[in-house]
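One structure is given here, and the rest of the page talks about it.
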Number of protein chains: 4
Amino acid sequence: MRLNIDVYMDYQTAPSDPVLLAVTAAQTEGQTVLQSDLEVEGATLRWIDGAGQRGRMVWAFVPGERLQLRYKALVEVTRATVPLDRLAPTRFPDLPGGVIPYLRPSRFCPSDLFVSFVAKQFGHLDGGAKVAAMRDWVAGALTYVPGSSTGTTTAIDTFVTREGVCRDYAHVMCSLARAANIPARYVSGYGPQVNPPDFHALAEVWLDGAWHLVDPTGTSTPSDLAVIGSGRDAADVSFMETENFAQAIYQRIEVSQV
Amino acid sequence: MRLNIDVYMDYQTAPSDPVLLAVTAAQTEGQTVLQSDLEVEGATLRWIDGAGQRGRMVWAFVPGERLQLRYKALVEVTRATVPLDRLAPTRFPDLPGGVIPYLRPSRFCPSDLFVSFVAKQFGHLDGGAKVAAMRDWVAGALTYVPGSSTGTTTAIDTFVTREGVCRDYAHVMCSLARAANIPARYVSGYGPQVNPPDFHALAEVWLDGAWHLVDPTGTSTPSDLAVIGSGRDAADVSFMETENFAQAIYQRIEVSQV
Amino acid sequence: MRLNIDVYMDYQTAPSDPVLLAVTAAQTEGQTVLQSDLEVEGATLRWIDGAGQRGRMVWAFVPGERLQLRYKALVEVTRATVPLDRLAPTRFPDLPGGVIPYLRPSRFCPSDLFVSFVAKQFGHLDGGAKVAAMRDWVAGALTYVPGSSTGTTTAIDTFVTREGVCRDYAHVMCSLARAANIPARYVSGYGPQVNPPDFHALAEVWLDGAWHLVDPTGTSTPSDLAVIGSGRDAADVSFMETENFAQAIYQRIEVSQV
Amino acid sequence: MRLNIDVYMDYQTAPSDPVLLAVTAAQTEGQTVLQSDLEVEGATLRWIDGAGQRGRMVWAFVPGERLQLRYKALVEVTRATVPLDRLAPTRFPDLPGGVIPYLRPSRFCPSDLFVSFVAKQFGHLDGGAKVAAMRDWVAGALTYVPGSSTGTTTAIDTFVTREGVCRDYAHVMCSLARAANIPARYVSGYGPQVNPPDFHALAEVWLDGAWHLVDPTGTSTPSDLAVIGSGRDAADVSFMETENFAQAIYQRIEVSQV
């Protein structure tokens with residue numbers, strides 16, 4: 001599937017405050033970036049790798065107090081949507097070293113606190129069937145309520161209030177999986193069915209020797225998601241980071257299948 | 001300085017449960033491992049890298065329910081103890097990509113919640129002088145109370161109760177530094193002055209283009225610490241991880257200067 | 001039903017530290033205290049009322065560092081076990097003034113955080129049927145695990161870990177009821193079926209113009225419980241409070257039907 | 001001092017949803033209500049006592065979806081502003097039964113978690129001098145930032161972020177006092193120096209056999225405060241409670257010395 005991505009962002013920033021951006025579709029497994037054009041008005045750009053996530057991030061050095069960004073891309077998504085249920089678990093000692101950190105609790109996914117709940121609720125299942133049951137549980141237990149969470153909301157908060165947005169669904173999903181010793185990452189990306197159109201967030205679990213996308217909100221599939229990046233939780237894949245502040249004036253995201 | 005390390009651990013585990021260990025001194029900057037001998041009775045060992053920390057970890061496949069480990073090492077520590085006050089800050093966009101993740105909040109270091117406290121308390125300082133003031137503040141504000149924390153204690157809990165052990169001192173230190181946009185890691189290691197002798201934990205901050213050890217408990221210096229590994233917080237550098245459980249029967253750690 | 005209560009407590013205290021006790025069965029609706037004999041070796045006693053709970057509390061002024069207490073009582077419980085399902089709700093403005101505080105969140109029952117979960121899970125029910133569904137939910141969702149909680153564990157913690165003791169079951173029960181605008185108190189008491197024999201805790205809800213006991217652990221009924229006291233949560237009905245500390249040396253509680 | 005109070009509130013409510021109000025100055029020690037006139041347009045009123053606080057609350061039965069309230073009062077405040085430092089502590093067993101609940105932790109004042117901080121920071125002081133030191137500490141440590149807290153912010157949150165409004169200052173003050181075994185209540189009231197004019201919140205501690213007002217924000221004194229009510233924390237003295245919702249359209253509070 002080919003996705004056309006068109007992003008426009010207009011932000012107020014502190015004067016000459018460098019901005020670190022994670023908005024571009026990643027050149028990564030299951031997707032090919034055919035065209036990619038990022039322009040930040042008046043800014044010098046510097047690309048970096050390895051900042052805690054798999055995609056690339058970019059520094060934008062804007063001279064004034066205004067970040068006006070245009071990102072246009074064409075991405076071929078070749079990833080198949082594999083039924084989770086058929087996927088076998090990977091035994092703990094067979095996990096690659098680089099995957100092990102995704103077993104651990106993180107700021108917004110305190111998975112260590114969910115161990116007994118997960119054992120009780122999902123203990124009879126294994127591998128992909130267990131992950132599918134978790135995804136269905138999250139989808140049923142939570143209600144999507146715009147504005148119900150903030151930047152400090154954790155999976156514990158969401159588990160109690162049972163309300164959240166895609167970020168919160170992904171945090172609960174990652175927490176449950178990790179609590180069952182299944183590695184899980186938080187993924188940001190673009191999906192054509194996200195409504196209203198916005199940056200999307202979902203989870204990715206390690207099963208049968210590979211990462212597999214899981215979206216408990218049901219608004220994306222592995223076949224129609226253009227991944228931006230992934231990390232331990234939302235803290236790792238913020239689309240914009242500054243030392244001081246950034247305040248949205250206007251933002252528009254369009255993702256369409258072509 | 002040369003350190004002689006002698007560790008003996010005797011643990012009860014689940015039958016045939018693989019154990020992931022992070023107990024060996026790392027071959028890393030500022031220290032040279034001259035001799036290193038790890039033996040786990042009856043076990044096959046498999047070394048891995050990159051599991052979220054800089055040192056190596058090792059899988060021990062113990063056939064039964066008993067892990068009996070002996071680790072002996074001789075480590076030359078060549079690291080200088082640089083006065084923190086002289087170290088300049090590294091500007092945000094000059095941070096290497098691999099250092100950026102250590103600016104972010106983690107499970108036990110929710111640094112995002114400390115931003116206003118840090119601005120008020122340490123806002124007039126910069127770089128190494130700021131870190132030194134934070135270290136002194138932690139040393140003065142906290143009381144070392146064995147048994148006062150558990151495996152789920154966060155820097156928030158410690159900040160409120162003002163009691164903890166080395167793990168908690170390190171978590172508060174990392175939280176304060178990150179809240180001031182100074183990258184900080186959690187470090188585990190061996191030190192000859194740790195009393196009673198045990199695994200030690202401290203922090204490491206990025207200043208002037210390099211990592212610098214900071215120990216708010218005052219029981220180690222950069223010149224006498226043999227680093228095992230480092231990560232975002234205690235979750236990354238657990239000396240022992242299993243899928244099920246491990247219960248200490250006996251443990252003895254000896255570290256001496258030779 | 002007549003209950004014979006026999007308590008022996010032996011505690012280490014700070015020297016001459018007055019101890020506030022809430023261990024005696026209350027002279028209250030649904031039960032008549034036929035005999036009651038409290039002796040604290042070497043101590044002067046002073047009874048007080050109104051310390052945040054309906055029963056009486058007593059100061060014991062022990063001269064040394066040792067509290068040795070013997071409490072023997074015979075209590076006639078005349079309370080009927082009414083099926084909850086038949087009880088009508090009391091409309092908000094028909095609640096007596098003294099009942100209104102039990103709608104509010106408390107230290108261990110942060111009911112304000114459970115409002116959306118309760119609306120989703122129990123919103124289709126009302127009055128006693130709603131409370132019965134909550135009790136059954138708590139009974140099914142939690143596992144009774146001795147030692148799984150501490151004196152600072154809240155209903156949020158228990159809701160996440162799904163493990164606790166009677167104190168924690170009662171806190172979750174009170175939180176859910178209050179979140180649905182049903183007044184709920186935390187009750188301490190003696191029950192003959194509690195096993196191992198110990199102080200017991202449960203909840204009490206206001207329905208149809210009266211308080212009704214609800215025990216989500218299933219180990220007591222309104223007909224066989226001798227109430228000690230009730231309050232907003234465990235903080236109000238501690239069986240022992242001191243300014244400094246009290247450490248159990250030995251404690252034995254026997255409750256039998258006669 | 002005589003205070004003239006003039007309040008106008010215009011709220012959107014759910015249709016025919018009864019509203020519980022705590023807005024009228026209390027007839028209580030240290031103040032005399034000379035005139036008091038509460039009108040809620042189109043509503044029947046019913047006064048109640050004992051709803052967890054010392055003042056009176058009132059039910060307003062508004063027929064539609066709009067609460068338009070006018071409260072005018074003239075209050076003579078005869079309370080003296082006693083220097084705290086001279087006040088002696090009341091020994092634990094000399095506390096009246098009704099005061100003991102204010103030693104306990106509550107929803108927004110988890111005082112049990114502050115015990116070691118308080119012992120370390122204020123342990124060398126006693127009685128009124130200790131309370132004065134706590135008040136000065138709160139005043140210095142916190143920054144008044146409108147909008148920095150929400151209805152679920154606790155004293156722990158405020159202690160960490162060091163930002164809040166009068167509600168949060170009062171919660172931290174109560175938490176510190178209770179952690180030192182000094183009874184403390186949360187008080188709502190009207191003060192002429194509150195700027196911008198609004199409902200005010202402060203603390204009240206039990207010293208030398210009586211309650212004494214303490215305002216860590218410094219915007220009121222015992223001599224110029226008209227108390228509305230007091231309770232364990234903000235949950236007890238909400239100026240407006242409904243079963244469903246209430247949304248401010250317009251609110252104006254004027255308090256002047258006459």
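Ordered as shown in the structure tokens, chains take letters A, B, and onward, while each chain numbers its residues from 1 and ligands are numbered from 1 in the order shown.
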Using only C-alpha atoms, which protein or nucleic acid residues come within 10 Å of Ala210 of chain B? Drop anything in the same chain fewer than 5 positions from it, and give the result as an MDAnalysis selection string.
chainID B and resid 87 90 95 99 204:205
Go ahead and write the residues just picked, all heavy atoms, as a PDB file, in the first residue's frame.
```pdb
ATOM      1  N   LEU B  87      33.624  21.532  35.051  1.00  0.00           N
ATOM      2  CA  LEU B  87      33.133  20.972  33.799  1.00  0.00           C
ATOM      3  C   LEU B  87      32.028  21.827  33.180  1.00  0.00           C
ATOM      4  O   LEU B  87      31.065  22.200  33.856  1.00  0.00           O
ATOM      5  CB  LEU B  87      32.625  19.558  34.019  1.00  0.00           C
ATOM      6  CG  LEU B  87      33.701  18.570  34.508  1.00  0.00           C
ATOM      7  CD1 LEU B  87      33.050  17.273  34.969  1.00  0.00           C
ATOM      8  CD2 LEU B  87      34.711  18.304  33.398  1.00  0.00           C
ATOM      9  N   THR B  90      27.190  20.648  28.114  1.00  0.00           N
ATOM     10  CA  THR B  90      27.137  20.442  26.673  1.00  0.00           C
ATOM     11  C   THR B  90      25.799  20.981  26.202  1.00  0.00           C
ATOM     12  O   THR B  90      24.764  20.626  26.776  1.00  0.00           O
ATOM     13  CB  THR B  90      27.232  18.945  26.327  1.00  0.00           C
ATOM     14  OG1 THR B  90      28.456  18.443  26.866  1.00  0.00           O
ATOM     15  CG2 THR B  90      27.215  18.731  24.825  1.00  0.00           C
ATOM     16  N   LEU B  95      24.703  17.301  21.861  1.00  0.00           N
ATOM     17  CA  LEU B  95      24.700  15.960  22.452  1.00  0.00           C
ATOM     18  C   LEU B  95      24.717  14.905  21.358  1.00  0.00           C
ATOM     19  O   LEU B  95      23.957  15.001  20.393  1.00  0.00           O
ATOM     20  CB  LEU B  95      23.434  15.758  23.303  1.00  0.00           C
ATOM     21  CG  LEU B  95      23.279  16.661  24.531  1.00  0.00           C
ATOM     22  CD1 LEU B  95      21.907  16.439  25.144  1.00  0.00           C
ATOM     23  CD2 LEU B  95      24.379  16.396  25.536  1.00  0.00           C
ATOM     24  N   VAL B  99      23.391   9.749  23.425  1.00  0.00           N
ATOM     25  CA  VAL B  99      23.308  10.317  24.779  1.00  0.00           C
ATOM     26  C   VAL B  99      21.908  10.874  25.064  1.00  0.00           C
ATOM     27  O   VAL B  99      21.465  10.933  26.206  1.00  0.00           O
ATOM     28  CB  VAL B  99      24.393  11.417  24.946  1.00  0.00           C
ATOM     29  CG1 VAL B  99      24.201  12.214  26.226  1.00  0.00           C
ATOM     30  CG2 VAL B  99      25.786  10.775  24.925  1.00  0.00           C
ATOM     31  N   GLU B 204      25.860   8.914  36.660  1.00  0.00           N
ATOM     32  CA  GLU B 204      26.869   9.345  35.703  1.00  0.00           C
ATOM     33  C   GLU B 204      26.217  10.430  34.860  1.00  0.00           C
ATOM     34  O   GLU B 204      25.106  10.229  34.363  1.00  0.00           O
ATOM     35  CB  GLU B 204      27.236   8.136  34.832  1.00  0.00           C
ATOM     36  CG  GLU B 204      28.546   8.219  34.142  1.00  0.00           C
ATOM     37  CD  GLU B 204      28.892   6.879  33.464  1.00  0.00           C
ATOM     38  OE1 GLU B 204      27.983   6.162  33.017  1.00  0.00           O
ATOM     39  OE2 GLU B 204      30.082   6.581  33.342  1.00  0.00           O
ATOM     40  N   VAL B 205      26.868  11.580  34.732  1.00  0.00           N
ATOM     41  CA  VAL B 205      26.277  12.687  33.972  1.00  0.00           C
ATOM     42  C   VAL B 205      27.157  13.043  32.785  1.00  0.00           C
ATOM     43  O   VAL B 205      28.370  12.836  32.805  1.00  0.00           O
ATOM     44  CB  VAL B 205      26.073  13.943  34.853  1.00  0.00           C
ATOM     45  CG1 VAL B 205      25.099  13.659  35.992  1.00  0.00           C
ATOM     46  CG2 VAL B 205      27.413  14.431  35.388  1.00  0.00           C
TER      47      VAL B 205
END
```
With a distance cut-off of 9 Å and only C-alpha atoms, select the neighbouring residues of Asp6 of chain C, excluding the residue or stretch itself and same-chain residues fewer than 5 positions from it, and output the selection as number ranges by chain.
C: 70-73, 252-256
D:Ser238, D:Ser106, D:Ser148, D:Thr44: which is nearest chain C, counting only C-alpha atoms?
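Ranked by minimum distance to chain C, first place goes to D:Ser106.
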Under the rule of at most 6 Å, produce a per-residue listing of chain C near chain A: chain, number, name, the closest pair of atoms, and the distance in Å, as JSON lines, using only C-alpha atoms.
```
{"residue": "C:Phe114", "atom": "CA", "partner": "A:Thr161", "partner_atom": "CA", "distance": 5.8}
{"residue": "C:Ser116", "atom": "CA", "partner": "A:Thr161", "partner_atom": "CA", "distance": 5.6}
{"residue": "C:Phe117", "atom": "CA", "partner": "A:Thr161", "partner_atom": "CA", "distance": 5.6}
{"residue": "C:Thr161", "atom": "CA", "partner": "A:Phe117", "partner_atom": "CA", "distance": 5.6}
{"residue": "C:Arg162", "atom": "CA", "partner": "A:Phe117", "partner_atom": "CA", "distance": 5.6}
```
Contacts of Pro93 of chain C at 9 Å or less, counting only C-alpha atoms, minus same-chain residues fewer than 3 places along, as a VMD selection string?
(chain C and resid 90 96) or (chain D and resid 18 to 20 59)
Dump as a short mmCIF file (atom, residue, chain, number, x, y, z; two decimals), in the first residue's frame, selection limited to N, CA, C and O atoms:
```cif
data_model
loop_
_atom_site.label_atom_id
_atom_site.label_comp_id
_atom_site.auth_asym_id
_atom_site.auth_seq_id
_atom_site.Cartn_x
_atom_site.Cartn_y
_atom_site.Cartn_z
N THR C 90 -30.55 5.57 48.01
CA THR C 90 -31.05 6.80 48.62
C THR C 90 -30.63 7.94 47.73
O THR C 90 -29.45 8.04 47.38
N PRO C 96 -28.66 11.89 55.00
CA PRO C 96 -28.44 12.70 56.21
C PRO C 96 -27.07 13.39 56.14
O PRO C 96 -26.14 12.85 55.53
N PRO D 18 -29.88 18.46 41.94
CA PRO D 18 -29.69 19.21 43.18
C PRO D 18 -28.22 19.57 43.37
O PRO D 18 -27.33 18.79 43.02
N VAL D 19 -27.97 20.74 43.93
CA VAL D 19 -26.62 21.25 44.11
C VAL D 19 -26.38 21.46 45.61
O VAL D 19 -27.20 22.08 46.29
N LEU D 20 -25.27 20.92 46.12
CA LEU D 20 -24.93 21.09 47.54
C LEU D 20 -23.88 22.20 47.65
O LEU D 20 -22.81 22.09 47.04
N TRP D 59 -28.67 22.65 50.38
CA TRP D 59 -29.10 22.08 49.11
C TRP D 59 -29.89 23.12 48.35
O TRP D 59 -30.78 23.75 48.90
#
```
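Interatomic distance, atom CA of Gly164 of chain D against atom CA of Thr152 of chain D: 12.2 Å.
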Report as a PyMOL selection string all protein, DNA and RNA residues lying within 9 Å of segment 128-133 of chain D, evaluated on only C-alpha atoms, omitting residues in the same chain fewer than 6 positions from it.
chain D and resi 83-89+122+173+176-177+180+182+205+207-208+214
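A straight line drawn from atom CA of Val258 of chain B to atom CA of Gly191 of chain B is 12.6 Å long.
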If you run DSSP over the backbone, which residues in segment 125-215 of chain A end up strand (DSSP E or B)? Put them as a PyMOL selection string.
chain A and resi 143-144+163-164+184-190+200-207+210-214
Out of segment 8-228 of chain B, which residues get alpha helix (DSSP H) from DSSP, as a ChimeraX atom specification?
/B:115-122,127-141,155-161,166-179
Please indicate the distance in Å from atom CA of Cys174 of chain A to atom CA of Ile5 of chain A, rounded to one decimal place.
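Atom CA of Ile5 of chain A lies at a distance of 26.6 Å from atom CA of Cys174 of chain A.
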